[in-house]
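Asks: Take this structure first; my questions come after.
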Amino acid sequence: EELYTGCTKKMKITRKSVTAGRDAEKVFELNIKPGWKAGTKLTFPNEGDEYGPTGQAQDIVFVVKEKPHEHFQREGHDLVYKAKVPLVDALTGFKVDVPMLDNRVLRVNVQDVVKPTYTKIVRGEGMPRAKEPGQKGDLVITFDVVWPTRLDDNTKAQLKASSLDETVSE
């Protein structure tokens, strides 16, 4: 979520010093921009440990890491959301409410028949693009169709009597 909105993190480090002019501890403010990806590096030149008789200081490099999210997986700038859908809804249409990272709930209307490989793409609802301000990736919704565990004889007869088998196509 912090990579979606951006944030400021404070990191306290302890460093070795051979000269008397530097504090052993320092707090760095890291300004995380919206949309940054895991692996993005923030470098602070000459702020690390000093070494050698000259007291040359090393650079400090912080690397952005991404925490797993309970609802989404990130694929580049896209957010992937997996929705559970009862079989009857997968066949007849439904609405899915997606809890977004900016605290909105996005209601997505699905009218298509949801097949095992079906995905619904909502343009511009993914992660911000750090290098393209105002632009976002897509929200990709995949579906886990929940099949009934049993059907009574009456329901089976109704299904057989329906025209469902006549509409099946490859």
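Quick note on naming: the chains in the structure tokens go A, B, ... in the order shown, residues restart at 1 in each chain, and ligands are numbered from 1 in order of appearance.
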Need the shell around A:His71: protein/DNA/RNA residues with any atom at most 9 Å away, counting only C-alpha atoms. Skip same-chain ones fewer than 2 positions apart. Format as a PyMOL selection string?

Replies: chain A and resi 68-69+73+80-82+98-100

Asks: Please list as a PyMOL selection string every residue within 10 Å of A:Thr119, counting only C-alpha atoms and excluding residues in the same chain fewer than 3 positions away.

Replies: chain A and resi 80-82+114-116+122+140-143

Asks: Export, as a PDB file, in the first residue's frame, the selected residues with C-alpha atoms.

Replies:
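Listing of result31.pdb after writing:
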ATOM      1  CA  VAL A  80      -3.904  -8.931  -9.912  1.00  0.00           C
ATOM      2  CA  TYR A  81      -6.951  -9.694  -7.775  1.00  0.00           C
ATOM      3  CA  LYS A  82      -8.467 -13.170  -7.422  1.00  0.00           C
ATOM      4  CA  VAL A 114     -16.622 -16.824 -16.646  1.00  0.00           C
ATOM      5  CA  LYS A 115     -14.533 -19.692 -18.020  1.00  0.00           C
ATOM      6  CA  PRO A 116     -11.485 -21.146 -16.206  1.00  0.00           C
ATOM      7  CA  VAL A 122     -10.058  -2.637 -15.612  1.00  0.00           C
ATOM      8  CA  VAL A 140      -6.524  -7.692 -13.618  1.00  0.00           C
ATOM      9  CA  ILE A 141      -9.256  -9.779 -12.005  1.00  0.00           C
ATOM     10  CA  THR A 142      -8.970 -13.549 -12.182  1.00  0.00           C
ATOM     11  CA  PHE A 143     -11.747 -15.835 -11.006  1.00  0.00           C
TER      12      PHE A 143
END

Asks: One decimal, in Å: what's the spacing between atom CA of A:Ile13 and atom CA of A:Phe28?

Replies: 7.9 Å

Asks: How far is it from atom CA of A:Pro148 to atom CA of A:Asp97, in Å with one decimal?

Replies: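 Pair atom CA of A:Pro148 / atom CA of A:Asp97 returns 21.9 Å.
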
Asks: Pick out the closest residue to A:Glu50 from this set: A:Leu79, A:Leu30, A:Val18, A:Val88. Count only C-alpha atoms.

Replies: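 The answer is A:Val18, which sits nearest to A:Glu50.
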
Asks: From the list A:Asp78, A:Ala83, A:Lys160, A:Asp153, which residue is nearest A:Leu139 when using only C-alpha atoms?

Replies: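 Answer, going by the shortest atom-to-atom distance: A:Asp78.
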
Asks: DSSP says alpha helix (DSSP H) for which residues of chain A? Put them as an mmCIF file with C-alpha atoms, in the first residue's frame?

Replies:
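The file below, out.cif, is the result:
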data_model
loop_
_atom_site.group_PDB
_atom_site.id
_atom_site.type_symbol
_atom_site.label_atom_id
_atom_site.label_comp_id
_atom_site.auth_asym_id
_atom_site.auth_seq_id
_atom_site.Cartn_x
_atom_site.Cartn_y
_atom_site.Cartn_z
ATOM 1 C CA GLU A 2 2.875 2.377 0.726
ATOM 2 C CA LEU A 3 4.258 1.742 -2.752
ATOM 3 C CA TYR A 4 0.843 2.734 -4.131
ATOM 4 C CA THR A 5 0.552 6.066 -2.309
ATOM 5 C CA LEU A 87 -20.918 -21.288 -10.411
ATOM 6 C CA VAL A 88 -24.393 -19.839 -10.945
ATOM 7 C CA ASP A 89 -22.954 -16.305 -10.970
ATOM 8 C CA ALA A 90 -20.123 -17.360 -13.284
ATOM 9 C CA LEU A 91 -22.762 -18.519 -15.765
ATOM 10 C CA THR A 92 -25.306 -15.716 -15.387
ATOM 11 C CA ASP A 153 -32.386 -34.615 -7.784
ATOM 12 C CA ASN A 154 -34.818 -31.737 -8.408
ATOM 13 C CA THR A 155 -31.973 -29.316 -9.276
ATOM 14 C CA LYS A 156 -30.364 -31.902 -11.560
ATOM 15 C CA ALA A 157 -33.659 -32.377 -13.387
ATOM 16 C CA GLN A 158 -34.097 -28.609 -13.793
ATOM 17 C CA LEU A 159 -30.591 -28.301 -15.232
ATOM 18 C CA LYS A 160 -31.205 -31.135 -17.675
ATOM 19 C CA ALA A 161 -34.511 -29.566 -18.735
#

Asks: Would you pick out the contacts of A:Lys33 at 12 Å or less, using only C-alpha atoms, so that residues sharing its chain but fewer than 4 positions from it are not included, and give the list as a PDB file with N, CA, C and O atoms, in the first residue's frame?

Replies:
ATOM      1  N   GLU A   1       0.820  -1.196   0.000  1.00  0.00           N
ATOM      2  CA  GLU A   1       0.000   0.000   0.000  1.00  0.00           C
ATOM      3  C   GLU A   1       0.861   1.255   0.000  1.00  0.00           C
ATOM      4  O   GLU A   1       0.508   2.242  -0.622  1.00  0.00           O
ATOM      5  N   GLU A   2       1.996   1.206   0.699  1.00  0.00           N
ATOM      6  CA  GLU A   2       2.875   2.377   0.726  1.00  0.00           C
ATOM      7  C   GLU A   2       3.519   2.619  -0.635  1.00  0.00           C
ATOM      8  O   GLU A   2       3.830   3.757  -0.970  1.00  0.00           O
ATOM      9  N   LEU A   3       3.712   1.562  -1.411  1.00  0.00           N
ATOM     10  CA  LEU A   3       4.258   1.742  -2.752  1.00  0.00           C
ATOM     11  C   LEU A   3       3.190   2.273  -3.705  1.00  0.00           C
ATOM     12  O   LEU A   3       3.503   2.767  -4.781  1.00  0.00           O
ATOM     13  N   TYR A   4       1.930   2.190  -3.330  1.00  0.00           N
ATOM     14  CA  TYR A   4       0.843   2.734  -4.131  1.00  0.00           C
ATOM     15  C   TYR A   4       0.730   4.246  -3.906  1.00  0.00           C
ATOM     16  O   TYR A   4       0.623   5.022  -4.841  1.00  0.00           O
ATOM     17  N   THR A   5       0.759   4.660  -2.646  1.00  0.00           N
ATOM     18  CA  THR A   5       0.552   6.066  -2.309  1.00  0.00           C
ATOM     19  C   THR A   5       1.850   6.849  -2.198  1.00  0.00           C
ATOM     20  O   THR A   5       1.846   8.071  -2.295  1.00  0.00           O
ATOM     21  N   GLY A   6       2.958   6.144  -1.963  1.00  0.00           N
ATOM     22  CA  GLY A   6       4.208   6.828  -1.639  1.00  0.00           C
ATOM     23  C   GLY A   6       4.223   7.113  -0.151  1.00  0.00           C
ATOM     24  O   GLY A   6       3.184   7.138   0.506  1.00  0.00           O
ATOM     25  N   CYS A   7       5.401   7.308   0.413  1.00  0.00           N
ATOM     26  CA  CYS A   7       5.508   7.575   1.839  1.00  0.00           C
ATOM     27  C   CYS A   7       6.915   8.062   2.159  1.00  0.00           C
ATOM     28  O   CYS A   7       7.785   8.089   1.288  1.00  0.00           O
ATOM     29  N   THR A   8       7.115   8.429   3.399  1.00  0.00           N
ATOM     30  CA  THR A   8       8.447   8.779   3.887  1.00  0.00           C
ATOM     31  C   THR A   8       8.782   7.807   5.004  1.00  0.00           C
ATOM     32  O   THR A   8       7.987   7.617   5.928  1.00  0.00           O
ATOM     33  N   LYS A   9       9.937   7.186   4.889  1.00  0.00           N
ATOM     34  CA  LYS A   9      10.410   6.252   5.915  1.00  0.00           C
ATOM     35  C   LYS A   9      11.658   6.837   6.556  1.00  0.00           C
ATOM     36  O   LYS A   9      12.482   7.449   5.878  1.00  0.00           O
ATOM     37  N   LYS A  37       9.083   0.161  -7.709  1.00  0.00           N
ATOM     38  CA  LYS A  37       9.080  -1.299  -7.723  1.00  0.00           C
ATOM     39  C   LYS A  37      10.097  -1.847  -6.720  1.00  0.00           C
ATOM     40  O   LYS A  37      11.039  -1.147  -6.329  1.00  0.00           O
ATOM     41  N   ALA A  38       9.902  -3.103  -6.364  1.00  0.00           N
ATOM     42  CA  ALA A  38      10.879  -3.790  -5.525  1.00  0.00           C
ATOM     43  C   ALA A  38      12.221  -3.762  -6.247  1.00  0.00           C
ATOM     44  O   ALA A  38      12.295  -3.941  -7.453  1.00  0.00           O
ATOM     45  N   THR A  40      14.184  -1.051  -6.304  1.00  0.00           N
ATOM     46  CA  THR A  40      14.588   0.344  -6.502  1.00  0.00           C
ATOM     47  C   THR A  40      15.589   0.717  -5.416  1.00  0.00           C
ATOM     48  O   THR A  40      15.395   0.408  -4.245  1.00  0.00           O
ATOM     49  N   LYS A  41      16.680   1.382  -5.813  1.00  0.00           N
ATOM     50  CA  LYS A  41      17.749   1.721  -4.863  1.00  0.00           C
ATOM     51  C   LYS A  41      17.794   3.211  -4.598  1.00  0.00           C
ATOM     52  O   LYS A  41      17.643   4.016  -5.510  1.00  0.00           O
ATOM     53  N   LEU A  42      18.004   3.550  -3.327  1.00  0.00           N
ATOM     54  CA  LEU A  42      18.235   4.933  -2.915  1.00  0.00           C
ATOM     55  C   LEU A  42      19.651   4.989  -2.357  1.00  0.00           C
ATOM     56  O   LEU A  42      19.968   4.280  -1.387  1.00  0.00           O
ATOM     57  N   VAL A  64      14.434  -0.954  -1.969  1.00  0.00           N
ATOM     58  CA  VAL A  64      12.999  -1.091  -1.704  1.00  0.00           C
ATOM     59  C   VAL A  64      12.598  -2.553  -1.820  1.00  0.00           C
ATOM     60  O   VAL A  64      12.943  -3.228  -2.788  1.00  0.00           O
ATOM     61  N   MET A 127      -1.178  -0.066 -10.320  1.00  0.00           N
ATOM     62  CA  MET A 127      -0.168   0.715  -9.610  1.00  0.00           C
ATOM     63  C   MET A 127       0.187   1.970 -10.401  1.00  0.00           C
ATOM     64  O   MET A 127       0.194   1.952 -11.635  1.00  0.00           O
ATOM     65  N   PRO A 128       0.515   3.052  -9.686  1.00  0.00           N
ATOM     66  CA  PRO A 128       0.989   4.252 -10.387  1.00  0.00           C
ATOM     67  C   PRO A 128       2.297   3.945 -11.121  1.00  0.00           C
ATOM     68  O   PRO A 128       3.081   3.108 -10.689  1.00  0.00           O
ATOM     69  N   ARG A 129       2.503   4.637 -12.225  1.00  0.00           N
ATOM     70  CA  ARG A 129       3.756   4.509 -12.971  1.00  0.00           C
ATOM     71  C   ARG A 129       4.684   5.625 -12.498  1.00  0.00           C
ATOM     72  O   ARG A 129       4.432   6.791 -12.775  1.00  0.00           O
ATOM     73  N   ALA A 130       5.748   5.239 -11.793  1.00  0.00           N
ATOM     74  CA  ALA A 130       6.651   6.222 -11.188  1.00  0.00           C
ATOM     75  C   ALA A 130       7.250   7.159 -12.232  1.00  0.00           C
ATOM     76  O   ALA A 130       7.444   8.342 -11.969  1.00  0.00           O
ATOM     77  N   LYS A 131       7.527   6.668 -13.421  1.00  0.00           N
ATOM     78  CA  LYS A 131       8.170   7.478 -14.453  1.00  0.00           C
ATOM     79  C   LYS A 131       7.168   8.186 -15.368  1.00  0.00           C
ATOM     80  O   LYS A 131       7.563   8.928 -16.257  1.00  0.00           O
ATOM     81  N   GLU A 132       5.875   7.936 -15.147  1.00  0.00           N
ATOM     82  CA  GLU A 132       4.823   8.577 -15.947  1.00  0.00           C
ATOM     83  C   GLU A 132       3.738   9.088 -14.995  1.00  0.00           C
ATOM     84  O   GLU A 132       2.708   8.441 -14.827  1.00  0.00           O
ATOM     85  N   PRO A 133       3.962  10.233 -14.356  1.00  0.00           N
ATOM     86  CA  PRO A 133       2.998  10.746 -13.379  1.00  0.00           C
ATOM     87  C   PRO A 133       1.583  10.841 -13.964  1.00  0.00           C
ATOM     88  O   PRO A 133       1.396  11.235 -15.108  1.00  0.00           O
TER      89      PRO A 133
END

Asks: Taking the DSSP secondary structure from the backbone, can you list the residues of stretch 15-166 of chain A that are strand (DSSP E or B), as a ChimeraX atom specification?

Replies: /A:25-32,41-44,50-51,56-57,60-63,72-75,78-86,94-99,105-110,119-122,128,136,139-146

Asks: Calculated over only C-alpha atoms, which of the candidates A:Lys95, A:Gly52, A:Lys84, A:Ile121 has the smallest distance to A:Val145?

Replies: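 Closest residue, counting only C-alpha atoms: A:Lys84.
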
Asks: Please measure the separation of atom CA of A:Val27 and atom CA of A:Met11, giving the value in Å to one decimal.

Replies: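 For atom CA of A:Val27 relative to atom CA of A:Met11, the distance reads 5.5 Å.
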